[in-house]
Amino acid sequence: MEGRCNKCKGRKTLNLSQAAVILPLILSMELHRAAFDMNGFCKGNLAETQTYGDINGFNDLAVESNLLVQYKRDSSSEKEADHLDLETAYATILRGLGENPEREGLLSTPRRAVKAMQFFTKGYNETVYDILNDAIFNEDHDEMVIVKDIDMFSLCEHHLVPFFGKVHIGYLPNKKVVGLSKLARVVEIFTRRLQVQERLTKQIAVAITEALKPAGVAVVIEAVHMCMVMRGVQKMSSKTVTSAMLGVFREDPKTREEFLALIKS
């Protein structure tokens with residue numbers, strides 16, 4: 001069994017004892033746990049396995065979008081080097097715009113911009129497994145659960161400008177429920193990355209599906225995109241709405257209609 005390191009792009013072959021830990025988790029669909037354990041075999045750098053895409057049926061959403069895991073750097077020297085590189089890059093941008101990064105008002109701007117960008121994209125260093133690990137509970141409840149009007153802020157990957165709005169999540173439990181605040185944390189993981197709204201909507205739905213194995217998941221996002229407000233067509237009142245319906249929400253029109261009615265009420 002092989003995995004690929006997201007940082008060095010090299011491949012690592014697991015030995016029998018390591019494979020014995022990972023394979024049962026994959027076969028039982030505990031993909032986040034499998035990826036988390038696999039990280040340990042590559043000192044925090046192993047990001048994905050060749051097996052996941054075929055097993056979970058969401059290879060374009062899970063592996064490509066790094067749903068399962070992100071490598072975590074444990075070297076402070078690497079972080080410092082990256083920080084300095086980013087500061088230099090921001091100073092170069094300021095010069096390219098005709099500004100002087102050495103003047104008083106801009107002297108600390110590259111450093112502040114780096115810190116801001118690292119916060120805006122901190123979701124790359126978080127996993128759904130880390131968030132939900134101790135917050136999934138066995139519960140004999142099979143009626144719809146909805147958390148709506150979750151505030152979200154993200155960065156458009158095309159222009160690096162914000163888009164923001166509300167996320168509405170519903171799921172139909174299958175003997176398991178999750179702490180309600182954790183749904184907002186899942187949203188935070190995926191919004192704190194460079195995104196497009198269409199992919200973001202699917203990533204949230206797939207993550208909840210893989211973690212809870214519910215009868216169905218529904219996600220709707222309503223957002224204002226500053227790339228349409230501040231530039232381009234400059235339409236101040238435009239709003240983009242996307243949805244992802246999985247399981248019973250896709251298959252049963254009445255269940256879908258109930259969810260849509262409840263988030264509008």
# chains A, B, ... in the order shown; residues from 1 in each chain; ligands from 1
>>> select_by_dssp(residues="region 67-186 of chain A", states="strand (DSSP E or B)", output="PyMOL selection string")
chain A and resi 136-138+145-156+162-172+176-178
>>> residues_around(residues="region 137-145 of chain A", least_positions_apart="6", cutoff="7 Å", atoms="only C-alpha atoms", output="PyMOL selection string")
chain A and resi 170-178
>>> write_last_selection(atoms="N, CA, C and O atoms", output="compact mmCIF listing (two decimals), in the first residue's frame")
# COMPACT_ATOMS: atom_id res chain seq x y z
N GLY A 170 -28.37 20.82 6.79
CA GLY A 170 -29.36 19.90 7.34
C GLY A 170 -28.90 18.47 7.12
O GLY A 170 -28.25 18.18 6.12
N TYR A 171 -29.20 17.60 8.06
CA TYR A 171 -28.91 16.18 7.85
C TYR A 171 -29.97 15.33 8.53
O TYR A 171 -30.63 15.76 9.48
N LEU A 172 -30.15 14.14 8.01
CA LEU A 172 -31.10 13.18 8.56
C LEU A 172 -30.30 12.08 9.24
O LEU A 172 -29.68 11.26 8.55
N PRO A 173 -30.26 12.06 10.57
CA PRO A 173 -29.37 11.14 11.28
C PRO A 173 -29.69 9.67 11.02
O PRO A 173 -30.84 9.30 10.76
N ASN A 174 -28.66 8.87 11.12
CA ASN A 174 -28.79 7.42 11.04
C ASN A 174 -28.14 6.84 12.30
O ASN A 174 -27.05 6.27 12.26
N LYS A 175 -28.80 7.06 13.45
CA LYS A 175 -28.34 6.59 14.76
C LYS A 175 -27.13 7.35 15.30
O LYS A 175 -26.59 7.00 16.34
N LYS A 176 -26.67 8.39 14.59
CA LYS A 176 -25.55 9.19 15.09
C LYS A 176 -25.85 10.67 14.89
O LYS A 176 -26.37 11.06 13.85
N VAL A 177 -25.51 11.47 15.91
CA VAL A 177 -25.65 12.92 15.81
C VAL A 177 -24.31 13.55 16.18
O VAL A 177 -23.45 12.92 16.80
N VAL A 178 -24.15 14.81 15.80
CA VAL A 178 -22.90 15.53 16.08
C VAL A 178 -23.22 16.79 16.87
O VAL A 178 -24.32 17.35 16.73
>>> select_by_dssp(residues="region 36-262 of chain A", states="helix (DSSP H, G or I)", output="number ranges by chain")
A: 36-40, 52-56, 59-62, 76-96, 104-106, 109-120, 122-125, 128-132, 180-191, 197-212, 226-229, 248-251, 253-262
>>> atom_distance(atom1="CA of Met245 (chain A)", atom2="CA of Glu157 (chain A)")
23.8 Å
>>> atom_distance(atom1="CA of His159 (chain A)", atom2="CA of Glu87 (chain A)")
19.3 Å
>>> closest_residue(among="A:Lys213, A:Lys182, A:His225, A:Lys235", to="Val196 (chain A)", atoms="only C-alpha atoms")
A:His225
>>> closest_residue(among="A:Ile221, A:Leu180, A:Leu155, A:Leu84", to="Phe119 (chain A)", atoms="only C-alpha atoms")
A:Leu155
>>> residues_around(residues="Val229 (chain A)", least_positions_apart="4", cutoff="12 Å", atoms="only C-alpha atoms", output="PyMOL selection string")
chain A and resi 161-164+223-225+233-239
>>> closest_residue(among="A:Asp149, A:Glu188, A:Glu222, A:Asp252", to="Ser265 (chain A)", atoms="only C-alpha atoms")
A:Asp149
>>> atom_distance(atom1="CA of Gln118 (chain A)", atom2="CA of Arg192 (chain A)")
9.2 Å
>>> closest_residue(among="A:Ala113, A:Val217, A:Ala244, A:Val147", to="Thr88 (chain A)", atoms="only C-alpha atoms")
A:Ala113
